[in-house]
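> Before I ask anything, let me first share the structure, which is written out below as structure tokens.
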Amino acid sequence: MIALDEAQAFVLHSLSALAPVDVALDEVLGCVGAEELIAHEPVPGFSNSSMDGFALRSSDTLAGSVRLRVTDSVRAGDVSSLRLEGGEAMRIMTGAPLPDGADCVCMIEEATVEDGGRMVRINRTISHGEFVRRPGEDIAIGQVLVSPGDELSAARVGVLASQGFTSLSMFPRPRVGVLSTGNELSRTTGPLRSGEIRDVNRPLLLALLRHSGFEPIDLGTVGDEYAQISRRLHEAVRACDAVVSTGGVSVGEVDHVKAVISELGGESSRWMQVAIKPGKPFAFGVVGARRTPLFGLPGNPVSTRVSFELFVRPALRLMAGHLSIERLTLNAVLDCALPRPSDGKLHLVHVIARVHEDGLVHVESAMRQGSHLLSATVRANALAMVPDGAGLAVGEHVRTMIFDADQLSAPSP
Ligand code: AMP
Ligand code: MG
């Protein structure tokens with residue numbers, strides 16, 4: 001058996017970020033910028049009003065109360081053809097350009113309209129620049145908007161839209177093929193025949209990939225025949241940026257996937273017995289000039305899920321250009337004992353993690369653990385890592401990987 005760290009390092013050292021491509025602005029959310037992007041337009045682009053009110057000259061209001069002649073009304077999108085002179089005001093709406101000759105805005109609540117709108121009384125001294133948004137106040141030309149490695153959040157999408165960017169050089173979302181292997185997998189949605197099971201791993205992985213921001217590609221299922229597996233994986237690595245298969249990597253008679261990965265990946269490939277439970281068998285290799293990774297995960301659905309979190313997700317995040325590829329991992333307080341036999345492995349236990357009133361993250365295992373017991377994991381939002389030994393007692397700290405941080409603040413189930 002090899003240590004989890006060593007297996008993870010083997011995978012990550014084989015990979016690098018995908019070549020950048022231009023991605024449309026409405027597709028960039030969650031992608032990572034490949035190049036520095038610089039502002040080429042000031043925002044705002046022109047002086048404009050931040051209030052509905054009256055544009056005027058601050059010097060006219062030095063004495064406090066003053067009556068001004070209203071010469072025009074400017075709405076957002078309009079430009080007044082008039083110049084504002086001393087003793088004058090113009091009605092102005094939020095976002096409308098400040099007229100030439102004006103230097104401030106009096107908000108409508110502080111003005112009194114007189115003579116049917118022809119005159120306005122301003123009731124206090126308005127200072128120069130009051131309620132005026134200056135050009136470049138938000139974004140100045142030359143400001144760095146995206147640095148390589150920045151993940152594109154919704155706010156950043158908005159900032160880029162304010163510059164008129166329509167597409168950007170980004171690391172693409174890896175397109176990840178998912179193939180299930182096993183003679184026992186039913187090919188239909190009808191009643192199961194004797195000995196058949198439904199394919200759980202493919203929908204599970206397609207969902208996990210989508211949820212992590214990658215582009216899943218459904219490659220279907222294949223039986224336990226070496227030639228068929230070889231052909232399907234061969235095709236898959238040419239069509240995808242990465243391929244994940246499940247089943248056939250253990251030590252059974254028909255576990256051909258590990259041999260196919262070794263055939264396709266050659267020197268770069270490795271079949272590993274990782275010192276973890278679940279998820280011990282794992283095959284990995286990179287194929288072809290594009291060094292497309294091929295992940296052979298074990299078939300039990302809980303193992304598949306755990307192996308995805310430990311090996312596949314960090315690798316795909318690296319390929320997607322992310323600088324931080326790990327899930328949030330922290331020390332949590334154990335609210336239940338996690339006994340275990342000593343077996344040389346790190347045990348990965350599905351747990352419910354919640355922030356308690358003491359401000360600390362507490363975990364409890366409310367479920368039966370077993371690599372084939374997927375339904376017992378649905379309430380879990382984290383994986384506790386119980387080191388080899390006799391286990392951990394209530395109140396001890398346990399290293400915990402959070403895979404659904406939103407649930408940390410949910411009520412305890
Ligand atoms: P294997 O890794 O191929 O030895 O499979 C280990 C266990 O996982 C067996 O009980 C398989 O029937 C089960 N299994 C394999 N593939 C799937 C799948 N796609 N969906 C559900 N269970 C599976
Ligand atoms: Mg199998």
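Scheme for the structure tokens: letters A, B, ... for chains in order shown; per-chain residue numbers from 1; ligand numbers from 1 in order shown.
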Could you give me the residues within 9 Å of ligand 1, counting only C-alpha atoms and all ligand atoms, as a ChimeraX atom specification?
/A:179-185,196-204,221,224,245-252,254-255,257,281,297-301,303-304,371-372
> Excluding Gly33 of chain A and any residue of its chain fewer than 2 positions from it, enumerate the residues within 12 Å of it, using only C-alpha atoms, and give them as a ChimeraX atom specification.
/A:17-23,25,28-31,35-37,145-153,156-157,160,167-173,320-323
> Compare A:Gly223, A:Gly195, A:Ser81, A:Gly177 by their minimum atom-to-atom distance to ligand 2, counting only C-alpha atoms and all ligand atoms, and give me the closest one.
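Among the listed residues, A:Gly223 lies closest to ligand 2.
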> What gap, in Å, lies between atom CA of Glu235 of chain A and atom CA of Ala289 of chain A?
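These two atoms are separated by 14.3 Å.
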> A:Glu225, A:Asp406, A:Asp241, A:Glu357: which is nearest ligand 2, counting only C-alpha atoms and all ligand atoms?
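Under the stated criterion, the closest residue is A:Glu225.
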> Quick one: residues within 6 Å of Gly265 of chain A, only C-alpha atoms, excluding same-chain residues fewer than 3 positions away - as a PDB file with N, CA and C atoms, in the first residue's frame?

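Dumped everything to around_1.pdb:
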```pdb
ATOM      1  N   ILE A 261      -5.493   0.675 -18.570  1.00  0.00           N
ATOM      2  CA  ILE A 261      -4.870   1.966 -18.246  1.00  0.00           C
ATOM      3  C   ILE A 261      -3.351   1.836 -18.332  1.00  0.00           C
ATOM      4  N   SER A 262      -2.847   0.717 -17.914  1.00  0.00           N
ATOM      5  CA  SER A 262      -1.409   0.490 -18.005  1.00  0.00           C
ATOM      6  C   SER A 262      -0.973   0.382 -19.472  1.00  0.00           C
ATOM      7  N   SER A 268       3.764   6.224 -17.805  1.00  0.00           N
ATOM      8  CA  SER A 268       3.130   7.249 -16.965  1.00  0.00           C
ATOM      9  C   SER A 268       2.079   6.639 -16.042  1.00  0.00           C
ATOM     10  N   SER A 269       1.750   5.372 -16.247  1.00  0.00           N
ATOM     11  CA  SER A 269       0.608   4.833 -15.522  1.00  0.00           C
ATOM     12  C   SER A 269       1.051   4.096 -14.260  1.00  0.00           C
ATOM     13  N   GLY A 285      -3.192   7.000 -15.311  1.00  0.00           N
ATOM     14  CA  GLY A 285      -2.154   7.181 -16.323  1.00  0.00           C
ATOM     15  C   GLY A 285      -2.501   8.375 -17.188  1.00  0.00           C
ATOM     16  N   VAL A 286      -1.522   8.904 -17.893  1.00  0.00           N
ATOM     17  CA  VAL A 286      -1.805   9.966 -18.860  1.00  0.00           C
ATOM     18  C   VAL A 286      -1.504   9.413 -20.241  1.00  0.00           C
ATOM     19  N   VAL A 287      -2.345   9.826 -21.217  1.00  0.00           N
ATOM     20  CA  VAL A 287      -2.315   9.180 -22.531  1.00  0.00           C
ATOM     21  C   VAL A 287      -2.121  10.218 -23.635  1.00  0.00           C
TER      22      VAL A 287
END
```
> I want to know what sits within 9 Å of Leu15 of chain A, based on only C-alpha atoms, with residues of the same chain fewer than 6 positions away left out; could you give that as a list in words?
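Residues meeting the cut-off are Val286, Arg291, Thr292, Pro293, Ala315, Leu318 and Met319 of chain A.
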> Using the selection just defined, write its residues with C-alpha atoms as a CSV table (one decimal), in the first residue's frame.

```csv
chain,number,residue,atom,x,y,z
A,286,VAL,CA,-1.8,10.0,-18.9
A,291,ARG,CA,-1.3,13.9,-21.7
A,292,THR,CA,-5.0,13.2,-21.1
A,293,PRO,CA,-5.5,11.7,-17.7
A,315,ALA,CA,-6.6,17.1,-10.6
A,318,LEU,CA,-5.4,22.0,-11.6
A,319,MET,CA,-6.2,21.5,-15.3
```
> Taking only segment 136-304 of chain A into account, list the residues labelled strand (DSSP E or B) by DSSP (computed from the backbone), as a PyMOL selection string.
chain A and resi 139+144-146+151+167-171+175-181+185+197+215-222+242-246+270-274+276-277+281-287+292-297
> Could you pull out all residues of segment 186-392 of chain A with a DSSP call of helix (DSSP H, G or I) and give them as a ChimeraX atom specification?
/A:201-211,226-239,257-268,301-319,374-377
> Find the spatial neighbours of Pro97 of chain A, counting only C-alpha atoms, within a cut-off of 9 Å - ignore same-chain residues fewer than 5 positions away - and output them as a list in words.
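Once the nearby chain positions are removed, what remains is Phe46, Ser47, Asn48, Ser49, Val74, Arg75, Ala76, Gly77, Asp78, Val79, Ser80 and Ile92 of chain A.
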> Extract, using only C-alpha atoms, all DNA, RNA and protein residues at most 10 Å from Leu348 of chain A, discarding same-chain residues fewer than 3 positions from it, and format them as a list in words.
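After dropping sequence-adjacent residues, the list is Ile276, Lys277, Pro278, Gly279, Ser303, Val306, Lys345, Val351, Gln369, Ala382, Leu383, Ala384, Met385, Val386, Pro387, Thr400 and Met401 of chain A.
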> So which residues touch Phe311 of chain A within 9 Å, counting only C-alpha atoms, skipping near sequence neighbours fewer than 2 positions away, as a ChimeraX atom specification?
/A:7-8,11-12,295,306-309,313-316
> Those residues you just picked out, can you put them in a file as a CSV table (one decimal), in the first residue's frame with C-alpha atoms?

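So the final result, stored in selection_22.csv, reads:
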```csv
chain,number,residue,atom,x,y,z
A,7,ALA,CA,-0.8,8.8,-4.7
A,8,GLN,CA,-2.2,12.3,-4.9
A,11,VAL,CA,-1.5,12.3,-10.1
A,12,LEU,CA,-0.8,16.0,-9.7
A,295,PHE,CA,-8.7,7.8,-13.8
A,306,VAL,CA,-14.4,9.4,-2.1
A,307,SER,CA,-11.9,8.7,-4.9
A,308,PHE,CA,-13.4,11.5,-6.9
A,309,GLU,CA,-12.9,14.0,-4.0
A,313,ARG,CA,-11.5,16.9,-8.3
A,314,PRO,CA,-8.1,18.4,-7.3
A,315,ALA,CA,-6.6,17.1,-10.6
A,316,LEU,CA,-9.3,18.7,-12.7
```
> I'd like the interatomic distance between atom CA of Asp218 of chain A and atom CA of Arg305 of chain A, to a tenth of an Å.
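The value is 16.9 Å.
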> Find the distance between atom CA of Leu338 of chain A and atom CA of Val398 of chain A and write it in Å to one decimal.
9.6 Å
> Could you check the closest approach to Cys336 of chain A for each of A:Val394, A:Val70, A:Val349, A:Ala3 and tell me which residue wins, using only C-alpha atoms?
A:Val394
> For each of A:Asp343, A:Glu85, A:Arg317, A:Val222, take the minimum atom-to-atom distance to ligand 2, counting only C-alpha atoms and all ligand atoms, then give the residue where this is smallest.
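For ligand 2, the nearest of the given residues is A:Val222.
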> When you count only C-alpha atoms, which of these residues is closest to Gly344 of chain A: A:Leu408, A:Val243, A:Val66, A:Met1?
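Nearest candidate to Gly344 of chain A out of A:Leu408, A:Val243, A:Val66, A:Met1: A:Met1.
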